[in-house]
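What follows is one structure encoded as structure tokens, with my remarks underneath.
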Amino acid sequence: MVLKNNTLKPFSENILNFESVEKEVTRISGKLKDDILRVLKRKGAVIGISGGIDSSVTLALAVNALGADKVTGIMLPERDSSPESKELALKLANKFGVQTIEENITGALDGFGCYERRDAAVANVFPEYNPKDYKMKIGINHSGLSQFLPPVFSITIINWEGIEKRKILPVKEYLQIVAASNFKQRSRMSMLYYHAERMHYAMIGTPNKHEVEQGFFVKNGDGGADIMPIAHLYKSQVYQLAEYLEIPREIINRTPTSDTYTAEQTQEEFFFQMPYQEMDLIWYGLENEISADEVGRVLNKKAEEIVLIYNNLRRKQKTTEYLRMAAITY
Amino acid sequence: MNNLHQVQEKVRQFIINTSYIPAEQVQNDTLIFAQGIMDSMGFISIIDFIEDSFSISATDNELIEANFESIDAIAQFVSRKIQLANCLST
């Protein structure tokens, strides 16, 4: 079988395994050092750390590139953040010996009306909703994954007794909830640049390949950075680097969450709709024009299902092009 | 009262108005999602539109290709739901 990249590597469940993780870490670290110091002409790196796998690997790569004394980890919790995020971020910073700064952005978000605007839209859908007694989250309907139809978002509210109610989100409320919630990522970006500029450092972004290419980021929010050193890595490759870089085990074992809404929610539930191990292989198959039959054989799925997932991923890529576009100029 | 043809025309006008696609490029059997005429935001807009225009709420299980892939499919789905609602109310 000939892949698009003209290699003769047969498709298998191990195809995304690095032959040498060390070599990839050395390559990224070398490039990161050169880009920060020589290309951007900055003295160090600022990274927002959330206790998640992506920001942890990015911080470790920056330390590898520049040394711990030239890297600052910034924790940016807000009212809805899980306390676990801060604990793990501190554990990471201690392990790698970097300075940390904590900036609670709840006040800024209150000023923007982030919570109020979001909660007003939720109450339009569920009149009984109030943020004191209920938690909320939005997510993609799972039923949409295996069809030619685009996914739709639903909203779930959970009351104090744990009773859930779910509805399909109308357009107006969907847009308002997303727009209000995006204040979080955009406020974080502003604060990260404040510290980066104050220290004459570069701001290092933390999205992985899936987040960039499927549009799981906020334009001019977490999608805004000077360098994105892991944006070429599939999620399983991020985990390979995490093992090599000896990221704390609790972070490696933590299920990736959106940490955006008041109710707990995994990234799989919110957006990706399938386990990352499967998504990596299917995305690789799509990019390298590997037949649905072959991908299905390796993943023990029907070729028809792979075709539908290919279509779903192509659609996601197409409908999020706007997020990746630079401003149009004339 | 909406018959199938009237529902078809209303859905068709909505899709043409919201997609900015020339009317001659959208037939009643055109696969509006598979051919990229409507995207995910368009899908949610259609769900809202049929709720506002025909008082039809689609359930999760009804969000399938057979009910939404084309103007014909949507019109038939809406007409079935209207008939069902009429039967239940009489």
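So you can find residues: chains in the structure tokens are A, B, ... in the order shown, residues in each start at 1, and ligands are numbered from 1 in order.
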
**OP:** Specify as a PyMOL selection string all residues of chain B found within 9 Å of chain A, counting only C-alpha atoms.
**Re:** chain B and resi 33-34+36+38-45+47-48+58-61+63-65+68-69

Okay, now the selection with C-alpha atoms, as a PDB file, in the first residue's frame?
```pdb
ATOM      1  CA  PHE B  33     -26.217  18.427   3.544  1.00  0.00           C
ATOM      2  CA  ALA B  34     -24.328  15.884   1.465  1.00  0.00           C
ATOM      3  CA  GLY B  36     -22.782  21.221   1.207  1.00  0.00           C
ATOM      4  CA  MET B  38     -26.511  23.590   4.403  1.00  0.00           C
ATOM      5  CA  ASP B  39     -23.996  23.122   7.222  1.00  0.00           C
ATOM      6  CA  SER B  40     -24.397  22.365  10.924  1.00  0.00           C
ATOM      7  CA  MET B  41     -25.713  25.863  11.688  1.00  0.00           C
ATOM      8  CA  GLY B  42     -28.140  25.401   8.793  1.00  0.00           C
ATOM      9  CA  PHE B  43     -29.354  22.149  10.322  1.00  0.00           C
ATOM     10  CA  ILE B  44     -30.133  23.803  13.657  1.00  0.00           C
ATOM     11  CA  SER B  45     -31.814  26.657  11.772  1.00  0.00           C
ATOM     12  CA  ILE B  47     -35.028  22.536  13.241  1.00  0.00           C
ATOM     13  CA  ASP B  48     -35.907  26.005  14.607  1.00  0.00           C
ATOM     14  CA  ALA B  58     -38.211  17.076  16.299  1.00  0.00           C
ATOM     15  CA  THR B  59     -37.034  14.579  18.898  1.00  0.00           C
ATOM     16  CA  ASP B  60     -33.468  13.239  19.028  1.00  0.00           C
ATOM     17  CA  ASN B  61     -34.545  10.009  17.341  1.00  0.00           C
ATOM     18  CA  LEU B  63     -32.886  13.785  13.573  1.00  0.00           C
ATOM     19  CA  ILE B  64     -32.020  11.307  10.837  1.00  0.00           C
ATOM     20  CA  GLU B  65     -31.282  11.526   7.143  1.00  0.00           C
ATOM     21  CA  PHE B  68     -33.836  15.908   6.817  1.00  0.00           C
ATOM     22  CA  GLU B  69     -31.631  15.035   3.842  1.00  0.00           C
TER      23      GLU B  69
END
```

Original post:
Which polymer residues have any atom within 8 Å of an atom of Leu59 in chain A, counting only C-alpha atoms, with same-chain residues fewer than 3 positions away left out, as a ChimeraX atom specification?
Top reply: /A:47,49,55-56,62-63,71,73

Hey, can you spit out that residue selection with C-alpha atoms as a PDB file, in the first residue's frame?
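After the write, selection35.pdb holds the following:
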```pdb
ATOM      1  CA  ILE A  47       2.341  29.000  28.992  1.00  0.00           C
ATOM      2  CA  ILE A  49      -1.281  25.539  32.435  1.00  0.00           C
ATOM      3  CA  SER A  55      -0.444  22.215  28.341  1.00  0.00           C
ATOM      4  CA  SER A  56       1.702  19.914  30.501  1.00  0.00           C
ATOM      5  CA  ALA A  62       9.573  24.625  26.700  1.00  0.00           C
ATOM      6  CA  VAL A  63      11.654  23.724  29.773  1.00  0.00           C
ATOM      7  CA  VAL A  71       9.580  29.454  31.466  1.00  0.00           C
ATOM      8  CA  GLY A  73       3.408  28.722  33.921  1.00  0.00           C
TER       9      GLY A  73
END
```

At a cut-off of 10 Å, using only C-alpha atoms, what residues contact Glu13 in chain A? Leave out same-chain residues fewer than 3 positions from it and give the result as a compact mmCIF listing (two decimals) with N, CA and C atoms, in the first residue's frame.
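Saved to selection_38.txt:
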```
# COMPACT_ATOMS: atom_id res chain seq x y z
N PRO A 10 2.81 0.14 6.35
CA PRO A 10 1.43 -0.36 6.32
C PRO A 10 0.61 0.20 7.46
N LEU A 16 0.99 5.39 14.49
CA LEU A 16 1.32 6.72 15.00
C LEU A 16 2.40 6.67 16.10
N ASN A 17 2.91 5.48 16.34
CA ASN A 17 3.98 5.38 17.35
C ASN A 17 5.28 5.94 16.77
N GLN A 277 -8.00 7.40 20.77
CA GLN A 277 -7.19 6.38 20.09
C GLN A 277 -7.80 6.04 18.73
N GLU A 278 -9.14 5.93 18.70
CA GLU A 278 -9.83 5.66 17.43
C GLU A 278 -9.77 6.86 16.51
N ASP A 280 -7.62 9.24 16.33
CA ASP A 280 -6.28 9.42 15.76
C ASP A 280 -6.11 8.58 14.50
N LEU A 281 -6.47 7.29 14.62
CA LEU A 281 -6.24 6.38 13.50
C LEU A 281 -7.15 6.72 12.31
N VAL A 295 -8.98 0.72 7.22
CA VAL A 295 -9.10 1.33 8.55
C VAL A 295 -10.10 0.52 9.39
N VAL A 298 -8.58 -2.72 10.78
CA VAL A 298 -7.69 -2.52 11.93
C VAL A 298 -8.49 -2.16 13.19
N LEU A 299 -9.55 -1.37 13.00
CA LEU A 299 -10.33 -0.92 14.17
C LEU A 299 -11.49 -1.84 14.49
```

**OP:** Between CA of Gln240 in chain A and CA of Glu84 in chain A, measure the distance and give it in Å to one decimal.
**Re:**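 Answer for the CA of Gln240 in chain A to CA of Glu84 in chain A separation: 22.9 Å.
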
Original post:
Which of these, B:Leu88, B:Ile46, B:Val26, B:Ile37, has the shortest distance to Asn67 in chain B once you count only C-alpha atoms?
Top reply: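 Using only C-alpha atoms, Asn67 in chain B sits closest to B:Ile46.
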
**OP:** Give me every helix (DSSP H, G or I) residue in chain B, going by DSSP on the backbone, as a VMD selection string.
**Re:** chain B and resid 4 to 19 23 to 25 40 to 54 60 to 62 65 to 68 71 to 89

**OP:** Just give me the gap between CA of Gln99 in chain A and CA of Ile74 in chain A in Å, one decimal is fine.
**Re:**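 Rounded to one decimal, the two atoms are 8.6 Å apart.
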
Original post:
By how many Å are CA of Gly205 in chain A and CA of Val57 in chain A apart?
Top reply: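 The value is 11.2 Å.
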